[in-house]
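Notes follow once the structure below has been shown.
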Amino acid sequence: MKKGDHLFLVDGSGFIFRAFHALPPLTRKSDGLPVGAVSGFCNMLWKLLTDARDTSVGVTPTHLAVIFDYSAKTFRKDLYDAYKANRSAPPDELIPQFGLIREATRAFNLPCIETEGFEADDIIATYARQAEATGADVTIVSSDKDLMQLVTPNVHMYDSMKDKQIGIPDVIEKWGVSPEKMIDLQAMTGDSVDNVPGIPGIGPKTAAQLLAEYGDLDTLLDRAHEIKQEKRRQAILENADKARLSRELVRLRSDVPLVLGLDDLVLEVQNGPKLIGFLKALQFTTLTRRVAEACNCDASAIEAADVKVEWGSAAHGPDLDAVEPEPVAGGIPDVEGAAVPIPVKAKPASKGFTPAELARTRAEAFAALPFDHSTYVTIRDLATLDKWIADARATGLVAFDTETTSLDAMQAELVGFSMAIADNDKNPAGVKTRAAYLPIGHKNGVGDLLGGGLADNQIPMRDALPRLKALLEDESVLKVAQNLKYDYLLMKRYGVETKSFDDTMLMSYVLDAGTGAHGMDSLSEKFLGHKPIAYKDIAGSGRANVTFDLVDIERATHYAAEDADVTLRLWMVLKPRLAAAKLTAVYERLERPLLPVLARMEERGITVDRQILSRLSGELAQGAARLEDEIYALAGEKFTIGSPKQLGDILFGKLGLAGGSKTKTGQWSTSASVLEDLAAAGFELPRKIVDWRQLTKLKSTYTDALPGYVHPQTKRVHTSYSLASTTTGRLSSSEPNLQNIPVRTLEGRKIRTAFISTPGHKLISADYSQIELRVLAHVAEIPQLTQAFAEGIDIHAMTASEMFGVPVDGMPAEVRRRAKAINFGIIYGISAFGLANQLSIERSEAGDYIKKYFERFPGIRDYMDSRKQMARDKGYVETIFGRRINYPEIRSSNPSVRAFNERAAINAPIQGSAADVIRRAMIKIEPALAEAGLADRVRMLLQVHDELIFEVEDADVEKAMPIIVSVMENAAMPALEMRVPLKVDARAATNWDQAH
DNA sequence: GTCCGACCGTA
DNA sequence: TTACGGTCGGACG
């Protein structure tokens, strides 16, 4: 080694711990082996070896070694028996990764160094000093503060996770002392993790200050009697010996006997196949591809290496193995009993073909199965159509997709129908798929002379539709679609009621809620490694966009058949995963049956009185105009009131009001709370702005927008519910969103009066009372809460009484209000910051409230801690009915991201369980009404999270209400008997405002 | 035309 | 402090 060389010393052990906590908990797809740290390590090494110039290090190494701790027993233990005594065993997920990172190092052809009796840090110190002596530069790949004492002008550290180089100035900035004084600083502060004692009461700030004053530890100890602060002097004098001992513990040795000399660390060329073999074994697909490209290897020709895995304790065995080894022949056992047909040859039962194994095999096989658009068929004649339908019947499984003229299923017209079928095959997937497109309503292009006429060679609708109906309504054929609710509703409008179905979007939602989108394109890329043709590529976008009926049939075939093909393959991958993850019951009881229920609700729609809205619109316009004049007068000029930017300039610039807060982009915040504060301080303008905002909001979002959603034929408003767009299991509503119709203010409630029943009918609104707090009482098992709910006591008043010792009788409203805010805060995963904001109190006071709450209800803290722990351990939390919500970022190194995920993980089981309860109620309500002879006479129209709205004939109102209430209150049963009763309030009226 | 941030309506 | 969707202004291409 010589001047100009650059030695990289990677702190292998440190990296494992750091990466484990900083990176999302990645596991190997096939068996759940935890490999997050290994993946981070391999990616980091590859980057350093190939393009370290792109990192903040700026140079590629000439020499490199990866250093590990050998064992816990080192010379430090002889110096101080308690050294690292309070280290607990590493988490289960880490154990296999220690060995794997050593294997990875060898696969990279790099020296893997450890020496008995010494820590990795000492070896690093020794190499660093030796290399420095030759004039070479050194980069220590670590961010451990224990190594900072080694930093010199020629020795840098590199934090690979943050891509940040650490030099002398960075050490000074972080610790307030230069690197050579780090030893003294650590000697004083000690280290609770390693159990280095230090001087009690001295932290990094004090230590740095003392070192600045006295120069070094020895001088300080000699002159300690000069220190003015009583306590500090005493602590230092009493603990001088401990400080000296600590100094020896933190001082790194640079005289470790080394087997490999510096010149043995020279960087060798990579052995591509060896490295690829290892990466394939760990299933790091992206890096495998990169390495293969870089070394010009064909990765598919290289076999995965036989990597030995030491799983460590059995406790963390992969979830996939937790399923009972039930043999599967030909199909996957279905919770409801019936095996779902899958056209896969039955494997011998003796092989123990479990859902987990099938899931793994399928995932691997389909990830590599290519798509061939040239095989897609366009169906032009009845014989071909009948053959495809017969094949679907024969295999019992068909994926389908509809092509239409609109994204709105209530307005769309059917243009074409695609389907995909699976046949047995000897390839690894066990099947091959084929797909066809049936054009029905394609028109000649606009430029065509015949413009607008039906294109030639299409089977007429009157011939095609009965055949499609027979297939879709055939219960012995499983239909698979992506976002089936759309196709279901569309086909229902054509008189077809789809029976026996699966929806790949819902399957993905049940399996992977929280990990990303569930749309077809993302699922296809994720599971099939294939990017489907984009809609806009065949139909254009923006101004040039055309409806699907104008798309050329050949191009339409490629697009549409591919969608059916993708859907079928996704189903192949997802279906066994459901069984393997034991989520079939959630999917089949909470998800799939809701789909037709929602489709019917959307189809029914609700009547909106356009006259009422138009009158309101006029009133709002008048009110807003009046306020505008007053606002301009107060501001002294005209401006765009709706522009937060301009408004901020007026309020805090021109008028010079003391601005509250800034938004994250640095703009003045003009939020309602800021304006309210200013109004309370006596300013006129902010009040008027708040009022203006309310009026214009109501006008633009509701009274002006809603009439545009009235359907031209039905004259009703048909919202669209999304089953898979929240993480918690709630529904969402859009176009229009009928889950945020105003209710809190008098002005806003007028909008609700426009939602009316048909003449001769009433609207019934039935809503759960305090359902989330009841769920909290149930899951956290809080005796006072369950008792209060059992006795029907005012829950917020009870909370206030417990916390503040105020009797419920004659309780001031403000006291109850605070308790209410705290109760909600608990559900949201409370923080002192958030509660302080909500109540406009000091953070310390909010902190006191929370402390008090936890003292009175210790079960709440246990519950919150347990949810955080579960999210960290398993990566997900679950509702009382077993729905899973994943939190892949719960271990983020960013504290605010982590805290956010923790709060969400606390909230999700509560919000999600409540969502599950109302889902169950919605699924049960129709059969219950039918049994009472009220089918079709009582029609469920809307859901607003804890409220259901029905439209009922006047004569049936009295009969319907108790049924609705009873089904809702007993919705959790028989699956679950809750510790608290559920309570539902119901009312009937001719409009939503009065019914609510 | 498309995207993003600020804001605000609901549970 | 949780979960959403819609509207607007304003910046971007």
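Labels for the structure tokens follow display order: chains A, B, ..., residues from 1 in each chain, ligands from 1.
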
I'd like the neighbourhood of DC4 (chain B) as a PyMOL selection string, where a residue qualifies if any of its atoms comes within 10 Å (using only C-alpha atoms (C1' of nucleotides)), though same-chain residues fewer than 2 positions away should be ignored. (chain B and resi 2+6) or (chain C and resi 10-11)

Specify as a PDB file with C-alpha atoms, in the first residue's frame all residues of chain A found within 7 Å of chain C, counting only C-alpha atoms (C1' of nucleotides).
```pdb
ATOM      1  CA  SER A 643     -55.194  32.504  -2.669  1.00  0.00           C
ATOM      2  CA  THR A 701     -67.762  21.875  -3.239  1.00  0.00           C
ATOM      3  CA  SER A 732     -64.048   5.743   0.557  1.00  0.00           C
ATOM      4  CA  SER A 734     -65.939   9.693  -4.640  1.00  0.00           C
ATOM      5  CA  ASN A 737     -67.843  12.083  -2.190  1.00  0.00           C
ATOM      6  CA  GLY A 825     -56.543  11.694  20.885  1.00  0.00           C
ATOM      7  CA  TYR A 828     -55.449   8.624  17.102  1.00  0.00           C
ATOM      8  CA  GLY A 829     -52.289   7.484  18.911  1.00  0.00           C
ATOM      9  CA  ILE A 830     -52.012  10.623  21.023  1.00  0.00           C
ATOM     10  CA  SER A 831     -48.981  12.905  21.259  1.00  0.00           C
ATOM     11  CA  GLY A 834     -51.165  17.031  18.854  1.00  0.00           C
ATOM     12  CA  LEU A 835     -53.304  17.309  21.943  1.00  0.00           C
ATOM     13  CA  ALA A 904     -51.176   4.888  12.674  1.00  0.00           C
ATOM     14  CA  ASN A 907     -55.253   3.814  15.357  1.00  0.00           C
TER      15      ASN A 907
END
```

Write out as a ChimeraX atom specification every residue belonging to chain B that has an atom at most 8 Å from any atom of chain A, counting only C-alpha atoms (C1' of nucleotides). /B:1,6-11

As an mmCIF file with N, CA, C and O atoms, in the first residue's frame, list the residues of region 124-253 of chain A assigned to alpha helix (DSSP H) by DSSP on the backbone atoms of this structure.
```cif
data_model
loop_
_atom_site.group_PDB
_atom_site.id
_atom_site.type_symbol
_atom_site.label_atom_id
_atom_site.label_comp_id
_atom_site.auth_asym_id
_atom_site.auth_seq_id
_atom_site.Cartn_x
_atom_site.Cartn_y
_atom_site.Cartn_z
ATOM 1 N N ILE A 124 -10.240 -2.266 13.058
ATOM 2 C CA ILE A 124 -10.352 -1.112 12.150
ATOM 3 C C ILE A 124 -9.297 -0.075 12.519
ATOM 4 O O ILE A 124 -8.608 0.496 11.661
ATOM 5 N N ALA A 125 -9.154 0.163 13.830
ATOM 6 C CA ALA A 125 -8.167 1.151 14.288
ATOM 7 C C ALA A 125 -6.766 0.751 13.849
ATOM 8 O O ALA A 125 -5.984 1.573 13.359
ATOM 9 N N THR A 126 -6.466 -0.523 13.979
ATOM 10 C CA THR A 126 -5.125 -0.996 13.640
ATOM 11 C C THR A 126 -4.830 -0.809 12.146
ATOM 12 O O THR A 126 -3.802 -0.248 11.766
ATOM 13 N N TYR A 127 -5.780 -1.261 11.326
ATOM 14 C CA TYR A 127 -5.589 -1.095 9.876
ATOM 15 C C TYR A 127 -5.511 0.385 9.501
ATOM 16 O O TYR A 127 -4.702 0.804 8.672
ATOM 17 N N ALA A 128 -6.375 1.177 10.119
ATOM 18 C CA ALA A 128 -6.418 2.595 9.754
ATOM 19 C C ALA A 128 -5.080 3.263 10.039
ATOM 20 O O ALA A 128 -4.543 4.004 9.213
ATOM 21 N N ARG A 129 -4.526 2.976 11.207
ATOM 22 C CA ARG A 129 -3.256 3.606 11.573
ATOM 23 C C ARG A 129 -2.124 3.118 10.663
ATOM 24 O O ARG A 129 -1.277 3.891 10.222
ATOM 25 N N GLN A 130 -2.120 1.806 10.381
ATOM 26 C CA GLN A 130 -1.072 1.262 9.516
ATOM 27 C C GLN A 130 -1.153 1.882 8.122
ATOM 28 O O GLN A 130 -0.142 2.275 7.535
ATOM 29 N N ALA A 131 -2.399 1.962 7.595
ATOM 30 C CA ALA A 131 -2.562 2.496 6.246
ATOM 31 C C ALA A 131 -2.150 3.959 6.202
ATOM 32 O O ALA A 131 -1.482 4.417 5.279
ATOM 33 N N GLU A 132 -2.541 4.670 7.228
ATOM 34 C CA GLU A 132 -2.211 6.093 7.290
ATOM 35 C C GLU A 132 -0.696 6.284 7.260
ATOM 36 O O GLU A 132 -0.180 7.204 6.615
ATOM 37 N N ALA A 133 -0.008 5.394 7.935
ATOM 38 C CA ALA A 133 1.446 5.498 7.997
ATOM 39 C C ALA A 133 2.095 5.337 6.616
ATOM 40 O O ALA A 133 3.184 5.856 6.377
ATOM 41 N N THR A 134 1.425 4.617 5.722
ATOM 42 C CA THR A 134 1.997 4.463 4.382
ATOM 43 C C THR A 134 1.669 5.654 3.505
ATOM 44 O O THR A 134 2.121 5.734 2.370
ATOM 45 N N ILE A 168 -13.218 15.680 10.144
ATOM 46 C CA ILE A 168 -12.961 16.381 11.408
ATOM 47 C C ILE A 168 -14.037 17.427 11.721
ATOM 48 O O ILE A 168 -14.570 17.452 12.838
ATOM 49 N N PRO A 169 -14.389 18.275 10.749
ATOM 50 C CA PRO A 169 -15.403 19.301 11.071
ATOM 51 C C PRO A 169 -16.742 18.691 11.477
ATOM 52 O O PRO A 169 -17.435 19.256 12.334
ATOM 53 N N ASP A 170 -17.081 17.554 10.888
ATOM 54 C CA ASP A 170 -18.365 16.941 11.229
ATOM 55 C C ASP A 170 -18.366 16.402 12.658
ATOM 56 O O ASP A 170 -19.361 16.482 13.369
ATOM 57 N N VAL A 171 -17.217 15.861 13.061
ATOM 58 C CA VAL A 171 -17.113 15.376 14.436
ATOM 59 C C VAL A 171 -17.248 16.553 15.404
ATOM 60 O O VAL A 171 -17.975 16.487 16.395
ATOM 61 N N ILE A 172 -16.559 17.634 15.072
ATOM 62 C CA ILE A 172 -16.627 18.805 15.951
ATOM 63 C C ILE A 172 -18.051 19.342 16.017
ATOM 64 O O ILE A 172 -18.560 19.672 17.086
ATOM 65 N N GLU A 173 -18.689 19.358 14.864
ATOM 66 C CA GLU A 173 -20.056 19.884 14.847
ATOM 67 C C GLU A 173 -20.979 19.030 15.701
ATOM 68 O O GLU A 173 -21.816 19.511 16.444
ATOM 69 N N LYS A 174 -20.799 17.712 15.581
ATOM 70 C CA LYS A 174 -21.698 16.812 16.279
ATOM 71 C C LYS A 174 -21.400 16.743 17.774
ATOM 72 O O LYS A 174 -22.306 16.719 18.604
ATOM 73 N N TRP A 175 -20.127 16.704 18.154
ATOM 74 C CA TRP A 175 -19.776 16.441 19.555
ATOM 75 C C TRP A 175 -19.124 17.619 20.255
ATOM 76 O O TRP A 175 -18.898 17.570 21.464
ATOM 77 N N MET A 182 -12.266 12.760 21.407
ATOM 78 C CA MET A 182 -13.463 11.924 21.563
ATOM 79 C C MET A 182 -13.288 10.904 22.683
ATOM 80 O O MET A 182 -14.235 10.575 23.401
ATOM 81 N N ILE A 183 -12.057 10.399 22.845
ATOM 82 C CA ILE A 183 -11.811 9.389 23.879
ATOM 83 C C ILE A 183 -12.112 9.975 25.255
ATOM 84 O O ILE A 183 -12.826 9.377 26.068
ATOM 85 N N ASP A 184 -11.599 11.164 25.483
ATOM 86 C CA ASP A 184 -11.844 11.806 26.778
ATOM 87 C C ASP A 184 -13.326 12.121 26.961
ATOM 88 O O ASP A 184 -13.893 11.967 28.049
ATOM 89 N N LEU A 185 -13.936 12.561 25.878
ATOM 90 C CA LEU A 185 -15.358 12.903 25.972
ATOM 91 C C LEU A 185 -16.187 11.665 26.315
ATOM 92 O O LEU A 185 -17.027 11.680 27.222
ATOM 93 N N GLN A 186 -15.917 10.568 25.619
ATOM 94 C CA GLN A 186 -16.673 9.348 25.893
ATOM 95 C C GLN A 186 -16.361 8.810 27.284
ATOM 96 O O GLN A 186 -17.228 8.208 27.929
ATOM 97 N N ALA A 187 -15.132 9.027 27.743
ATOM 98 C CA ALA A 187 -14.770 8.576 29.088
ATOM 99 C C ALA A 187 -15.640 9.272 30.127
ATOM 100 O O ALA A 187 -16.003 8.696 31.141
ATOM 101 N N MET A 188 -15.971 10.519 29.843
ATOM 102 C CA MET A 188 -16.795 11.253 30.801
ATOM 103 C C MET A 188 -18.269 10.919 30.676
ATOM 104 O O MET A 188 -18.972 10.750 31.670
ATOM 105 N N THR A 189 -18.734 10.860 29.424
ATOM 106 C CA THR A 189 -20.175 10.651 29.260
ATOM 107 C C THR A 189 -20.567 9.194 29.496
ATOM 108 O O THR A 189 -21.697 8.913 29.871
ATOM 109 N N PRO A 204 -22.787 14.852 26.791
ATOM 110 C CA PRO A 204 -21.856 15.335 25.766
ATOM 111 C C PRO A 204 -21.639 16.846 25.804
ATOM 112 O O PRO A 204 -20.514 17.311 25.594
ATOM 113 N N LYS A 205 -22.687 17.597 26.081
ATOM 114 C CA LYS A 205 -22.551 19.059 26.090
ATOM 115 C C LYS A 205 -21.604 19.515 27.205
ATOM 116 O O LYS A 205 -20.677 20.290 26.984
ATOM 117 N N THR A 206 -21.846 19.005 28.400
ATOM 118 C CA THR A 206 -21.000 19.378 29.534
ATOM 119 C C THR A 206 -19.574 18.898 29.315
ATOM 120 O O THR A 206 -18.605 19.626 29.568
ATOM 121 N N ALA A 207 -19.469 17.674 28.825
ATOM 122 C CA ALA A 207 -18.136 17.118 28.625
ATOM 123 C C ALA A 207 -17.344 17.982 27.648
ATOM 124 O O ALA A 207 -16.169 18.306 27.886
ATOM 125 N N ALA A 208 -17.990 18.370 26.547
ATOM 126 C CA ALA A 208 -17.304 19.192 25.549
ATOM 127 C C ALA A 208 -16.883 20.527 26.144
ATOM 128 O O ALA A 208 -15.772 21.028 25.909
ATOM 129 N N GLN A 209 -17.753 21.080 26.955
ATOM 130 C CA GLN A 209 -17.464 22.374 27.573
ATOM 131 C C GLN A 209 -16.269 22.255 28.532
ATOM 132 O O GLN A 209 -15.366 23.099 28.529
ATOM 133 N N LEU A 210 -16.249 21.182 29.306
ATOM 134 C CA LEU A 210 -15.149 20.979 30.251
ATOM 135 C C LEU A 210 -13.827 20.751 29.513
ATOM 136 O O LEU A 210 -12.776 21.254 29.921
ATOM 137 N N LEU A 211 -13.900 19.995 28.424
ATOM 138 C CA LEU A 211 -12.679 19.731 27.666
ATOM 139 C C LEU A 211 -12.157 21.014 27.035
ATOM 140 O O LEU A 211 -10.945 21.230 26.945
ATOM 141 N N ALA A 212 -13.093 21.860 26.598
ATOM 142 C CA ALA A 212 -12.660 23.129 26.013
ATOM 143 C C ALA A 212 -11.939 23.961 27.067
ATOM 144 O O ALA A 212 -10.977 24.665 26.784
ATOM 145 N N GLU A 213 -12.399 23.844 28.294
ATOM 146 C CA GLU A 213 -11.832 24.672 29.365
ATOM 147 C C GLU A 213 -10.509 24.097 29.903
ATOM 148 O O GLU A 213 -9.553 24.819 30.115
ATOM 149 N N TYR A 214 -10.480 22.758 30.078
ATOM 150 C CA TYR A 214 -9.308 22.174 30.741
ATOM 151 C C TYR A 214 -8.368 21.426 29.797
ATOM 152 O O TYR A 214 -7.308 20.984 30.208
ATOM 153 N N LEU A 217 -8.718 15.153 29.831
ATOM 154 C CA LEU A 217 -9.326 14.520 31.002
ATOM 155 C C LEU A 217 -8.390 14.569 32.214
ATOM 156 O O LEU A 217 -8.816 14.890 33.328
ATOM 157 N N ASP A 218 -7.098 14.279 32.011
ATOM 158 C CA ASP A 218 -6.164 14.268 33.146
ATOM 159 C C ASP A 218 -6.107 15.627 33.813
ATOM 160 O O ASP A 218 -6.182 15.742 35.040
ATOM 161 N N THR A 219 -5.968 16.656 32.995
ATOM 162 C CA THR A 219 -5.925 18.002 33.547
ATOM 163 C C THR A 219 -7.196 18.313 34.309
ATOM 164 O O THR A 219 -7.177 18.861 35.409
ATOM 165 N N LEU A 220 -8.300 17.923 33.712
ATOM 166 C CA LEU A 220 -9.581 18.182 34.355
ATOM 167 C C LEU A 220 -9.649 17.497 35.713
ATOM 168 O O LEU A 220 -10.029 18.100 36.718
ATOM 169 N N LEU A 221 -9.231 16.247 35.763
ATOM 170 C CA LEU A 221 -9.319 15.504 37.019
ATOM 171 C C LEU A 221 -8.385 16.126 38.062
ATOM 172 O O LEU A 221 -8.716 16.211 39.242
ATOM 173 N N ASP A 222 -7.194 16.580 37.611
ATOM 174 C CA ASP A 222 -6.264 17.223 38.538
ATOM 175 C C ASP A 222 -6.851 18.500 39.129
ATOM 176 O O ASP A 222 -6.660 18.808 40.292
ATOM 177 N N GLU A 230 -21.351 23.064 42.353
ATOM 178 C CA GLU A 230 -21.258 22.130 43.463
ATOM 179 C C GLU A 230 -21.416 20.662 43.034
ATOM 180 O O GLU A 230 -20.530 19.837 43.217
ATOM 181 N N LYS A 231 -22.552 20.396 42.425
ATOM 182 C CA LYS A 231 -22.894 19.012 42.082
ATOM 183 C C LYS A 231 -21.891 18.424 41.104
ATOM 184 O O LYS A 231 -21.469 17.274 41.217
ATOM 185 N N ARG A 232 -21.569 19.228 40.093
ATOM 186 C CA ARG A 232 -20.688 18.738 39.046
ATOM 187 C C ARG A 232 -19.308 18.409 39.610
ATOM 188 O O ARG A 232 -18.718 17.374 39.325
ATOM 189 N N ARG A 233 -18.792 19.311 40.486
ATOM 190 C CA ARG A 233 -17.474 19.093 41.070
ATOM 191 C C ARG A 233 -17.460 17.776 41.844
ATOM 192 O O ARG A 233 -16.572 16.941 41.697
ATOM 193 N N GLN A 234 -18.499 17.648 42.644
ATOM 194 C CA GLN A 234 -18.602 16.447 43.459
ATOM 195 C C GLN A 234 -18.606 15.181 42.602
ATOM 196 O O GLN A 234 -17.879 14.231 42.862
ATOM 197 N N ALA A 235 -19.441 15.225 41.536
ATOM 198 C CA ALA A 235 -19.574 14.046 40.680
ATOM 199 C C ALA A 235 -18.226 13.690 40.061
ATOM 200 O O ALA A 235 -17.845 12.516 40.006
ATOM 201 N N ILE A 236 -17.495 14.695 39.630
ATOM 202 C CA ILE A 236 -16.225 14.417 38.964
ATOM 203 C C ILE A 236 -15.196 13.878 39.962
ATOM 204 O O ILE A 236 -14.491 12.895 39.696
ATOM 205 N N LEU A 237 -15.122 14.513 41.133
ATOM 206 C CA LEU A 237 -14.145 14.069 42.125
ATOM 207 C C LEU A 237 -14.437 12.634 42.564
ATOM 208 O O LEU A 237 -13.533 11.813 42.691
ATOM 209 N N GLU A 238 -15.716 12.365 42.748
ATOM 210 C CA GLU A 238 -16.072 11.024 43.234
ATOM 211 C C GLU A 238 -15.869 9.951 42.186
ATOM 212 O O GLU A 238 -15.689 8.782 42.519
ATOM 213 N N ALA A 240 -13.630 9.986 39.529
ATOM 214 C CA ALA A 240 -12.404 10.121 38.740
ATOM 215 C C ALA A 240 -11.895 8.749 38.275
ATOM 216 O O ALA A 240 -11.491 8.598 37.117
ATOM 217 N N ASP A 241 -11.956 7.771 39.161
ATOM 218 C CA ASP A 241 -11.446 6.450 38.781
ATOM 219 C C ASP A 241 -12.289 5.822 37.681
ATOM 220 O O ASP A 241 -11.762 5.220 36.748
ATOM 221 N N LYS A 242 -13.596 6.008 37.823
ATOM 222 C CA LYS A 242 -14.488 5.460 36.803
ATOM 223 C C LYS A 242 -14.183 6.099 35.455
ATOM 224 O O LYS A 242 -14.228 5.445 34.408
ATOM 225 N N ALA A 243 -13.912 7.377 35.457
ATOM 226 C CA ALA A 243 -13.613 8.069 34.204
ATOM 227 C C ALA A 243 -12.339 7.506 33.585
ATOM 228 O O ALA A 243 -12.273 7.293 32.377
ATOM 229 N N ARG A 244 -11.321 7.259 34.443
ATOM 230 C CA ARG A 244 -10.065 6.712 33.898
ATOM 231 C C ARG A 244 -10.286 5.311 33.343
ATOM 232 O O ARG A 244 -9.786 4.969 32.277
ATOM 233 N N LEU A 245 -11.074 4.528 34.046
ATOM 234 C CA LEU A 245 -11.383 3.187 33.555
ATOM 235 C C LEU A 245 -12.147 3.274 32.228
ATOM 236 O O LEU A 245 -11.846 2.590 31.251
ATOM 237 N N SER A 246 -13.128 4.165 32.215
ATOM 238 C CA SER A 246 -13.925 4.326 30.999
ATOM 239 C C SER A 246 -13.045 4.705 29.820
ATOM 240 O O SER A 246 -13.252 4.256 28.690
ATOM 241 N N ARG A 247 -12.043 5.537 30.098
ATOM 242 C CA ARG A 247 -11.163 5.963 29.012
ATOM 243 C C ARG A 247 -10.453 4.753 28.390
ATOM 244 O O ARG A 247 -10.317 4.660 27.186
ATOM 245 N N GLU A 248 -10.050 3.824 29.253
ATOM 246 C CA GLU A 248 -9.382 2.640 28.708
ATOM 247 C C GLU A 248 -10.361 1.759 27.929
ATOM 248 O O GLU A 248 -9.982 1.073 26.994
ATOM 249 N N LEU A 249 -11.609 1.806 28.351
ATOM 250 C CA LEU A 249 -12.609 0.992 27.637
ATOM 251 C C LEU A 249 -12.938 1.553 26.265
ATOM 252 O O LEU A 249 -13.165 0.807 25.307
ATOM 253 N N VAL A 250 -12.975 2.866 26.160
ATOM 254 C CA VAL A 250 -13.371 3.444 24.868
ATOM 255 C C VAL A 250 -12.187 3.663 23.937
ATOM 256 O O VAL A 250 -12.355 3.802 22.742
#
```

Figure out the distance between CA of Gly14 (chain A) and CA of Asn109 (chain A), please, to one decimal in Å.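 According to the coordinates, CA of Asn109 (chain A) and CA of Gly14 (chain A) are separated by 20.3 Å.
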
Distance query Leu45 (chain A) at most 12 Å, only C-alpha atoms (C1' of nucleotides), self and fewer than 5 positions along chain excluded, as a PyMOL selection string: chain A and resi 8-12+15+38-40+50-52+55+60-61+64-66+101+104-110+141+160-161+270+275+287+291

Just list the residues in region 362-611 of chain A DSSP gives strand (DSSP E) on the backbone, as a ChimeraX atom specification. /A:377-378,397-404,414-424,431-439,478-481,501-503,607-608

When you draw a straight line from CA of Tyr376 (chain A) to CA of Ile421 (chain A), how long is it in Å? 11.4 Å

Interatomic distance, CA of Gln869 (chain A) to CA of Ile906 (chain A) (Å, one decimal):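 Distance reported for this atom pair: 10.1 Å.
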
For Gly529 (chain A), find every residue with an atom within 9 Å (counting only C-alpha atoms (C1' of nucleotides)), except residues of its own chain fewer than 6 positions away, and show them as a JSON list (two decimals) with N, CA, C and O atoms, in the first residue's frame.
```
[["chain", "number", "residue", "atom", "x", "y", "z"],
["A", 366, "PHE", "N", -44.53, -17.28, -12.05],
["A", 366, "PHE", "CA", -45.20, -16.22, -12.80],
["A", 366, "PHE", "C", -44.36, -14.95, -12.91],
["A", 366, "PHE", "O", -44.56, -14.15, -13.81],
["A", 367, "ALA", "N", -43.42, -14.79, -11.99],
["A", 367, "ALA", "CA", -42.56, -13.61, -12.09],
["A", 367, "ALA", "C", -41.70, -13.69, -13.34],
["A", 367, "ALA", "O", -41.19, -12.68, -13.81],
["A", 368, "ALA", "N", -41.55, -14.90, -13.87],
["A", 368, "ALA", "CA", -40.64, -15.06, -15.01],
["A", 368, "ALA", "C", -41.36, -15.49, -16.28],
["A", 368, "ALA", "O", -40.73, -15.72, -17.30],
["A", 369, "LEU", "N", -42.67, -15.61, -16.23],
["A", 369, "LEU", "CA", -43.41, -16.10, -17.40],
["A", 369, "LEU", "C", -43.66, -14.94, -18.37],
["A", 369, "LEU", "O", -44.33, -13.98, -18.03],
["A", 370, "PRO", "N", -43.14, -15.05, -19.59],
["A", 370, "PRO", "CA", -43.27, -13.91, -20.51],
["A", 370, "PRO", "C", -44.69, -13.73, -21.06],
["A", 370, "PRO", "O", -45.49, -14.66, -21.01],
["A", 523, "LEU", "N", -49.81, -4.00, -9.57],
["A", 523, "LEU", "CA", -49.76, -5.42, -9.21],
["A", 523, "LEU", "C", -49.01, -6.22, -10.27],
["A", 523, "LEU", "O", -48.23, -7.13, -9.96]]
```

Write out as a list in words the residues lying within 6 Å of region 402-414 of chain A, counting only C-alpha atoms (C1' of nucleotides) and excluding same-chain residues fewer than 6 positions away. Tyr486, Leu490, Thr547 and Phe548 of chain A

Writing out the chosen residues with C-alpha atoms as a short mmCIF file (atom, residue, chain, number, x, y, z; two decimals), in the first residue's frame:
```cif
data_model
loop_
_atom_site.label_atom_id
_atom_site.label_comp_id
_atom_site.auth_asym_id
_atom_site.auth_seq_id
_atom_site.Cartn_x
_atom_site.Cartn_y
_atom_site.Cartn_z
CA TYR A 486 -66.99 -1.81 -11.94
CA LEU A 490 -71.82 -2.37 -15.70
CA THR A 547 -63.34 6.70 -26.06
CA PHE A 548 -62.62 3.00 -26.33
#
```

Using only C-alpha atoms for the distances, tell me which of A:Glu889, A:Asp463, A:Asp565, A:Asp255 is nearest to Thr375 (chain A).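 Selected residue with least distance to Thr375 (chain A): A:Asp565.
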